[in-house]
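K.L.:
Input file: work18.cif. Contents: mmCIF, C-alpha atoms.
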data_start
loop_
_atom_site.label_atom_id
_atom_site.label_comp_id
_atom_site.auth_asym_id
_atom_site.auth_seq_id
_atom_site.Cartn_x
_atom_site.Cartn_y
_atom_site.Cartn_z
CA MET A 16 113.87 132.96 139.73
CA GLN A 17 111.78 132.90 136.58
CA TYR A 18 111.51 130.54 133.62
CA SER A 19 110.12 131.40 130.20
CA ASN A 20 108.07 129.52 127.61
CA ILE A 21 106.74 126.91 130.03
CA GLN A 22 104.43 124.22 128.68
CA ARG A 23 102.43 121.47 130.34
CA ALA A 24 103.40 117.96 129.22
CA THR A 25 103.16 114.27 130.14
CA PHE A 26 106.10 112.10 131.21
CA LEU A 27 106.45 108.85 129.25
CA SER A 28 109.86 107.31 130.01
CA ARG A 29 113.45 108.04 131.01
CA PRO A 30 115.94 105.93 129.05
CA ASN A 31 118.91 107.49 130.88
CA ARG A 32 119.76 110.14 133.50
CA PHE A 33 119.89 112.98 131.01
CA ILE A 34 116.82 112.64 128.80
CA ALA A 35 113.14 111.77 129.01
CA HIS A 36 110.51 110.98 126.44
CA ILE A 37 107.51 113.23 126.89
CA GLU A 38 104.20 114.01 125.25
CA VAL A 39 103.58 117.68 124.52
CA ASP A 40 100.87 119.15 122.28
CA GLY A 41 99.96 115.62 121.17
CA ARG A 42 103.51 114.81 120.00
CA GLU A 43 106.22 112.64 121.50
CA GLU A 44 109.41 114.64 122.09
CA VAL A 45 112.80 114.15 123.72
CA CYS A 46 113.38 116.36 126.77
CA HIS A 47 116.53 117.24 128.73
CA VAL A 48 116.25 116.25 132.40
CA LYS A 49 117.92 118.94 134.53
CA ASN A 50 118.38 116.53 137.44
CA THR A 51 120.63 113.46 137.32
CA GLY A 52 119.18 112.03 140.55
CA ARG A 53 116.99 108.95 140.54
CA CYS A 54 113.69 110.85 141.05
CA ARG A 55 111.77 107.57 140.72
CA GLU A 56 109.04 108.78 143.06
CA LEU A 57 108.54 111.85 140.85
CA LEU A 58 108.84 110.60 137.28
CA THR A 59 106.07 108.05 137.35
CA ASP A 60 104.13 106.78 134.35
CA ARG A 61 102.23 109.63 132.65
CA ALA A 62 102.99 112.12 135.43
CA THR A 63 102.06 115.71 134.64
CA ILE A 64 105.23 117.72 134.11
CA TYR A 65 106.18 121.25 133.07
CA VAL A 66 108.88 121.86 130.50
CA GLU A 67 110.70 124.92 129.22
CA HIS A 68 110.69 125.30 125.43
CA ASN A 69 113.79 126.63 123.67
CA ASP A 70 114.36 126.90 119.90
CA ASP A 71 118.13 127.42 120.11
CA PRO A 72 119.50 125.39 117.15
CA LYS A 73 122.64 124.56 119.16
CA ARG A 74 120.60 122.53 121.65
CA LYS A 75 120.12 118.80 121.21
CA THR A 76 116.56 119.02 122.55
CA LYS A 77 113.93 121.74 122.45
CA TYR A 78 112.64 121.05 125.95
CA SER A 79 113.99 121.00 129.52
CA LEU A 80 112.10 119.39 132.39
CA ILE A 81 111.44 121.94 135.15
CA ALA A 82 108.68 120.70 137.47
CA VAL A 83 106.41 117.75 138.16
CA GLU A 84 103.08 117.21 139.88
CA LYS A 85 103.11 114.60 142.66
CA GLY A 86 99.72 114.19 144.23
CA GLY A 87 98.76 117.67 145.41
CA LEU A 88 102.33 118.95 145.28
CA LEU A 89 104.11 120.85 142.55
CA ILE A 90 107.83 120.05 142.83
CA ASN A 91 110.59 121.90 141.01
CA MET A 92 113.22 119.33 140.00
CA ASP A 93 115.72 121.58 138.24
CA SER A 94 119.02 120.82 140.01
CA GLN A 95 120.47 124.17 138.90
CA ALA A 96 117.64 126.15 140.48
CA PRO A 97 118.64 125.95 144.21
CA ASN A 98 121.91 127.85 143.67
CA LYS A 99 120.11 130.52 141.66
CA VAL A 100 117.36 131.07 144.24
CA VAL A 101 119.87 131.13 147.12
CA GLY A 102 121.96 133.73 145.26
CA GLU A 103 118.86 135.90 144.84
CA TRP A 104 117.83 135.33 148.48
CA LEU A 105 121.26 136.25 149.89
CA LEU A 106 121.27 139.56 148.02
CA GLU A 107 117.59 140.48 148.44
CA LYS A 108 116.86 139.27 151.99
CA GLU A 109 120.42 139.40 153.44
CA PRO A 110 119.65 136.66 156.02
CA PHE A 111 123.23 136.67 157.39
CA GLY A 112 123.63 140.46 157.42
CA LYS A 113 124.32 143.21 154.92
CA VAL A 114 126.26 141.77 152.01
CA LYS A 115 129.64 143.33 151.25
CA LEU A 116 130.85 140.58 148.92
CA LEU A 117 129.23 137.53 147.38
CA LYS A 118 131.10 135.08 145.15
CA SER A 119 129.91 131.80 143.68
CA GLU A 120 131.92 128.62 143.15
CA CYS A 121 134.71 129.40 145.63
CA THR A 122 137.41 126.88 146.53
CA TYR A 123 138.55 126.14 150.06
CA GLY A 124 140.81 123.20 150.77
CA SER A 125 139.90 120.46 148.33
CA SER A 126 136.25 121.49 147.96
CA ARG A 127 134.47 124.06 145.85
CA PHE A 128 131.61 125.64 147.76
CA ASP A 129 128.57 127.25 146.17
CA PHE A 130 129.04 130.66 147.82
CA TYR A 131 131.55 132.75 149.72
CA LEU A 132 129.91 135.62 151.61
CA GLU A 133 131.33 138.61 153.44
CA THR A 134 129.27 140.89 155.71
CA GLU A 135 130.36 143.61 158.13
CA ALA A 136 130.68 140.99 160.87
CA GLU A 137 131.84 137.76 159.26
CA LYS A 138 133.27 135.75 156.39
CA MET A 139 131.29 132.69 155.44
CA PHE A 140 131.21 129.65 153.15
CA ILE A 141 127.82 128.29 152.10
CA GLU A 142 126.99 124.97 150.46
CA VAL A 143 123.57 124.52 148.83
CA LYS A 144 121.67 121.24 148.41
CA GLY A 145 118.40 120.88 146.52
CA VAL A 146 115.72 118.65 148.07
CA THR A 147 113.03 116.91 146.03
CA LEU A 148 112.42 113.76 148.09
CA GLU A 149 109.19 113.97 150.12
CA GLU A 150 107.00 111.54 152.04
CA GLU A 151 103.91 112.59 153.99
CA GLY A 152 105.15 116.15 154.42
CA VAL A 153 108.67 115.18 155.50
CA VAL A 154 111.56 116.03 153.17
CA ARG A 155 114.89 114.22 153.13
CA PHE A 156 118.32 114.47 151.53
CA PRO A 157 119.97 112.72 149.76
CA ASP A 158 117.87 110.51 147.49
CA ALA A 159 121.01 108.49 146.62
CA PRO A 160 124.39 108.03 148.37
CA THR A 161 126.63 111.09 147.97
CA GLU A 162 130.27 110.81 149.01
CA ARG A 163 130.75 114.29 147.54
CA GLY A 164 128.12 115.60 149.95
CA VAL A 165 129.92 114.03 152.92
CA LYS A 166 133.18 115.62 151.79
CA HIS A 167 131.52 119.04 151.55
CA LEU A 168 130.29 118.76 155.14
CA GLN A 169 133.74 117.76 156.39
CA GLU A 170 135.31 120.71 154.57
CA LEU A 171 132.73 123.08 156.07
CA CYS A 172 133.91 121.87 159.49
CA SER A 173 137.46 122.78 158.44
CA CYS A 174 136.24 126.26 157.53
CA VAL A 175 134.83 126.71 161.04
CA GLU A 176 138.10 125.50 162.58
CA ALA A 177 139.93 128.13 160.52
CA GLY A 178 137.73 130.93 161.88
CA TYR A 179 135.14 131.24 159.12
CA LYS A 180 131.39 130.91 159.50
CA ALA A 181 129.87 128.05 157.52
CA ALA A 182 126.40 126.87 156.56
CA VAL A 183 124.72 124.19 154.53
CA VAL A 184 121.39 125.34 153.10
CA PHE A 185 118.87 122.71 152.00
CA VAL A 186 116.54 124.22 149.43
CA VAL A 187 113.22 122.38 149.59
CA GLN A 188 111.86 122.64 146.05
CA MET A 189 108.22 122.52 147.16
CA GLU A 190 106.09 124.06 149.91
CA GLY A 191 103.96 123.09 152.89
CA MET A 192 106.47 120.73 154.51
CA LYS A 193 106.53 119.64 158.18
CA TYR A 194 110.30 119.29 158.64
CA PHE A 195 113.58 118.26 157.02
CA GLU A 196 115.81 115.38 158.08
CA PRO A 197 118.81 113.53 156.59
CA ASN A 198 117.98 110.36 154.69
CA ASP A 199 119.76 107.96 157.05
CA LYS A 200 118.15 104.93 155.41
CA THR A 201 119.70 105.72 152.02
CA HIS A 202 123.04 107.14 153.19
CA PRO A 203 123.69 106.89 156.95
CA GLN A 204 127.20 108.34 156.53
CA PHE A 205 125.74 111.59 155.22
CA GLY A 206 123.37 111.83 158.17
CA GLU A 207 126.21 111.26 160.62
CA ALA A 208 128.39 113.82 158.83
CA LEU A 209 125.55 116.34 159.01
CA ARG A 210 125.14 115.82 162.76
CA GLN A 211 128.88 116.14 163.29
CA ALA A 212 128.94 119.30 161.20
CA ARG A 213 126.30 120.94 163.36
CA LYS A 214 128.20 119.98 166.50
CA ALA A 215 131.30 121.59 164.96
CA GLY A 216 129.46 124.88 164.47
CA VAL A 217 128.20 124.59 160.89
CA GLN A 218 124.71 126.07 160.52
CA VAL A 219 122.26 123.50 159.13
CA LEU A 220 119.34 125.31 157.53
CA ALA A 221 116.37 124.29 155.39
CA TYR A 222 114.05 126.62 153.49
CA GLU A 223 111.05 125.76 151.41
CA CYS A 224 110.03 127.52 148.22
CA HIS A 225 106.90 128.81 146.58
CA VAL A 226 106.74 126.87 143.33
CA THR A 227 104.83 127.62 140.15
CA PRO A 228 105.43 126.05 136.73
CA SER A 229 107.44 129.15 135.77
CA SER A 230 109.05 130.32 139.02
CA LEU A 231 110.81 129.34 142.25
CA VAL A 232 111.21 131.64 145.28
CA ILE A 233 112.49 130.90 148.80
CA THR A 234 109.74 131.66 151.30
CA LYS A 235 110.21 130.32 154.83
CA GLU A 236 112.41 128.20 157.05
CA VAL A 237 111.59 124.53 157.60
CA PRO A 238 112.46 122.85 160.94
CA VAL A 239 115.54 120.62 160.81
CA ARG A 240 115.51 117.35 162.75
CA LEU A 241 118.85 115.59 163.19
#
Could I get this file's structure written as structure tokens?
P.N.:
Amino acid sequence: MQYSNIQRATFLSRPNRFIAHIEVDGREEVCHVKNTGRCRELLTDRATIYVEHNDDPKRKTKYSLIAVEKGGLLINMDSQAPNKVVGEWLLEKEPFGKVKLLKSECTYGSSRFDFYLETEAEKMFIEVKGVTLEEEGVVRFPDAPTERGVKHLQELCSCVEAGYKAAVVFVVQMEGMKYFEPNDKTHPQFGEALRQARKAGVQVLAYECHVTPSSLVITKEVPVRL
């Protein structure tokens, strides 16, 4: 996926989940944060960030925060991006087989999954999770407790029981990672639900991305350790 009108900026502060104060072109501006997660390890004092500029008069802010530099890493932190790149990947690379039908935001039971996929051989529900938490080359999800995430995994197990294929795809929004694992320290229930889901037949997959300030593309699979 591609962004337009990307500018380099400096992070100053984050008064709430939805906005940040930034410095761009020597001015202080208010920026929309496209990620409601904590991201404390990313949005550090005067971190180098990349923002998308938009002059739409209907918007409350002219800028949206897209990516951040953390040490030698460039990390995309747009929470809407993982679904978009997975949609492109499913159609372009067809990792589960030739696509006959692909729908987004499909309901099964009491959950709404990111994708419903049909190929010649199978019918499949796919849930997508974006990953921005990294430590020494290891990436983890979630960065905060997510009861909704646990529910999604349980519903994916129900899909398998009903005869569907099911997968949870963790989109690692950076590159060069060693492996992915659940963040048991932050939310042990999610880690246990993920292990139970794999035992039930849900595919647990992680893929890293090539990241630039203006683009995000899925590149290769990352080992999953449960």
K.L.:
Can you tell me, as a VMD selection string, what residues are no more than 12 Å from region 64-71 of chain A when counting only C-alpha atoms, ignoring any on the same chain fewer than 3 positions away?
P.N.:
chain A and resid 17 to 27 35 to 40 44 to 49 57 to 61 74 to 85 88 to 93 226 to 230
K.L.:
Using all atoms listed in the file, which protein or nucleic acid residues come within 7 Å of region 197-213 of chain A? Drop anything in the same chain fewer than 2 positions from it, and give the result as a ChimeraX atom specification.
P.N.:
/A:155-160,165,168-169,172,215-219,241
K.L.:
Could you write out as a list in words the residues that the PyMOL selection byres ((chain A and resi 234) around 6) matches in the shown file?
P.N.:
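Answer for the PyMOL selection byres ((chain A and resi 234) around 6): Cys224, Ile233 and Lys235 of chain A.
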K.L.:
If you apply the PyMOL selection byres ((chain A and resi 170) around 8) to this file, what residues do you get, as a count of residues only?
P.N.:
12
K.L.:
Find the residue from A:Thr122, A:Thr63, A:Gln188, A:Asn50 that sits nearest to Tyr222 (chain A); use all atoms listed in the file when measuring.
P.N.:
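Checking each of A:Thr122, A:Thr63, A:Gln188, A:Asn50 against Tyr222 (chain A), counting all atoms listed in the file, the winner is A:Gln188.
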K.L.:
Might you pull out every residue within 8 Å of region 97-108 of chain A, with only C-alpha atoms counted and same-chain residues fewer than 4 positions away left off, and present them as a list in words?
P.N.:
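Those residues are Met16, Asp93, Val114, Asp129, Val143, Lys144, Gly145, Val186, Gln188, Leu231, Val232 and Ile233 of chain A.
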K.L.:
Just the number, please: distance in Å from CA of Val187 (chain A) to CA of Gly86 (chain A), one decimal.
P.N.:
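That distance, rounded to one decimal, is 16.7 Å.
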K.L.:
What does the distance from CA of Val175 (chain A) to CA of Leu117 (chain A) come to in Å, to one decimal?
P.N.:
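Straight-line distance from CA of Val175 (chain A) to CA of Leu117 (chain A) works out to 18.3 Å.
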K.L.:
Go through A:Ala221, A:Glu133, A:Arg32, A:Glu150 and flag the residue nearest Glu109 (chain A), using all atoms listed in the file for the distances.
P.N.:
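Counting all atoms listed in the file, the residue closest to Glu109 (chain A) is A:Glu133.
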K.L.:
Quick check, in Å to one decimal: how far apart do CA of Gly191 (chain A) and CA of Val146 (chain A) lie?
P.N.:
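A separation of 13.5 Å between them.
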K.L.:
Please reconstruct the missing atoms of region 101-124 of chain A (target: N, CA and C atoms) and return them as an mmCIF file, in the frame of the given file.
P.N.:
data_model
loop_
_atom_site.group_PDB
_atom_site.id
_atom_site.type_symbol
_atom_site.label_atom_id
_atom_site.label_comp_id
_atom_site.auth_asym_id
_atom_site.auth_seq_id
_atom_site.Cartn_x
_atom_site.Cartn_y
_atom_site.Cartn_z
ATOM 1 N N VAL A 101 119.100 130.731 145.933
ATOM 2 C CA VAL A 101 119.870 131.130 147.120
ATOM 3 C C VAL A 101 120.661 132.399 146.825
ATOM 4 N N GLY A 102 121.254 132.507 145.635
ATOM 5 C CA GLY A 102 121.960 133.730 145.260
ATOM 6 C C GLY A 102 121.050 134.944 145.322
ATOM 7 N N GLU A 103 119.831 134.813 144.792
ATOM 8 C CA GLU A 103 118.860 135.900 144.840
ATOM 9 C C GLU A 103 118.475 136.217 146.285
ATOM 10 N N TRP A 104 118.240 135.189 147.074
ATOM 11 C CA TRP A 104 117.830 135.330 148.480
ATOM 12 C C TRP A 104 118.900 136.010 149.311
ATOM 13 N N LEU A 105 120.164 135.640 149.120
ATOM 14 C CA LEU A 105 121.260 136.250 149.890
ATOM 15 C C LEU A 105 121.362 137.749 149.616
ATOM 16 N N LEU A 106 121.148 138.141 148.375
ATOM 17 C CA LEU A 106 121.270 139.560 148.020
ATOM 18 C C LEU A 106 120.015 140.360 148.368
ATOM 19 N N GLU A 107 118.844 139.753 148.214
ATOM 20 C CA GLU A 107 117.590 140.480 148.440
ATOM 21 C C GLU A 107 117.183 140.505 149.911
ATOM 22 N N LYS A 108 117.305 139.376 150.594
ATOM 23 C CA LYS A 108 116.860 139.270 151.990
ATOM 24 C C LYS A 108 117.987 139.466 152.998
ATOM 25 N N GLU A 109 119.235 139.258 152.580
ATOM 26 C CA GLU A 109 120.420 139.400 153.440
ATOM 27 C C GLU A 109 120.225 138.704 154.794
ATOM 28 N N PRO A 110 119.949 137.380 154.783
ATOM 29 C CA PRO A 110 119.650 136.660 156.020
ATOM 30 C C PRO A 110 120.816 136.579 157.003
ATOM 31 N N PHE A 111 122.056 136.746 156.514
ATOM 32 C CA PHE A 111 123.230 136.670 157.390
ATOM 33 C C PHE A 111 123.820 138.054 157.675
ATOM 34 N N GLY A 112 123.142 139.101 157.239
ATOM 35 C CA GLY A 112 123.630 140.460 157.420
ATOM 36 C C GLY A 112 123.861 141.145 156.081
ATOM 37 N N LYS A 113 124.137 142.423 156.140
ATOM 38 C CA LYS A 113 124.320 143.210 154.920
ATOM 39 C C LYS A 113 125.508 142.684 154.119
ATOM 40 N N VAL A 114 125.255 142.396 152.852
ATOM 41 C CA VAL A 114 126.260 141.770 152.010
ATOM 42 C C VAL A 114 127.269 142.790 151.503
ATOM 43 N N LYS A 115 128.547 142.522 151.806
ATOM 44 C CA LYS A 115 129.640 143.330 151.250
ATOM 45 C C LYS A 115 130.219 142.668 150.004
ATOM 46 N N LEU A 116 130.261 141.330 150.022
ATOM 47 C CA LEU A 116 130.850 140.580 148.920
ATOM 48 C C LEU A 116 130.161 139.231 148.825
ATOM 49 N N LEU A 117 129.816 138.844 147.607
ATOM 50 C CA LEU A 117 129.230 137.530 147.380
ATOM 51 C C LEU A 117 129.855 136.939 146.112
ATOM 52 N N LYS A 118 130.490 135.772 146.283
ATOM 53 C CA LYS A 118 131.100 135.080 145.150
ATOM 54 C C LYS A 118 130.530 133.672 145.072
ATOM 55 N N SER A 119 130.378 133.184 143.866
ATOM 56 C CA SER A 119 129.910 131.800 143.680
ATOM 57 C C SER A 119 131.087 130.919 143.279
ATOM 58 N N GLU A 120 130.924 129.614 143.544
ATOM 59 C CA GLU A 120 131.920 128.620 143.150
ATOM 60 C C GLU A 120 133.317 128.978 143.683
ATOM 61 N N CYS A 121 133.437 129.031 144.999
ATOM 62 C CA CYS A 121 134.710 129.400 145.630
ATOM 63 C C CYS A 121 135.366 128.168 146.277
ATOM 64 N N THR A 122 136.667 128.037 146.041
ATOM 65 C CA THR A 122 137.410 126.880 146.530
ATOM 66 C C THR A 122 138.004 127.137 147.909
ATOM 67 N N TYR A 123 137.870 126.127 148.768
ATOM 68 C CA TYR A 123 138.550 126.140 150.060
ATOM 69 C C TYR A 123 139.023 124.707 150.312
ATOM 70 N N GLY A 124 140.288 124.550 150.614
ATOM 71 C CA GLY A 124 140.810 123.200 150.770
ATOM 72 C C GLY A 124 140.675 122.442 149.469
#
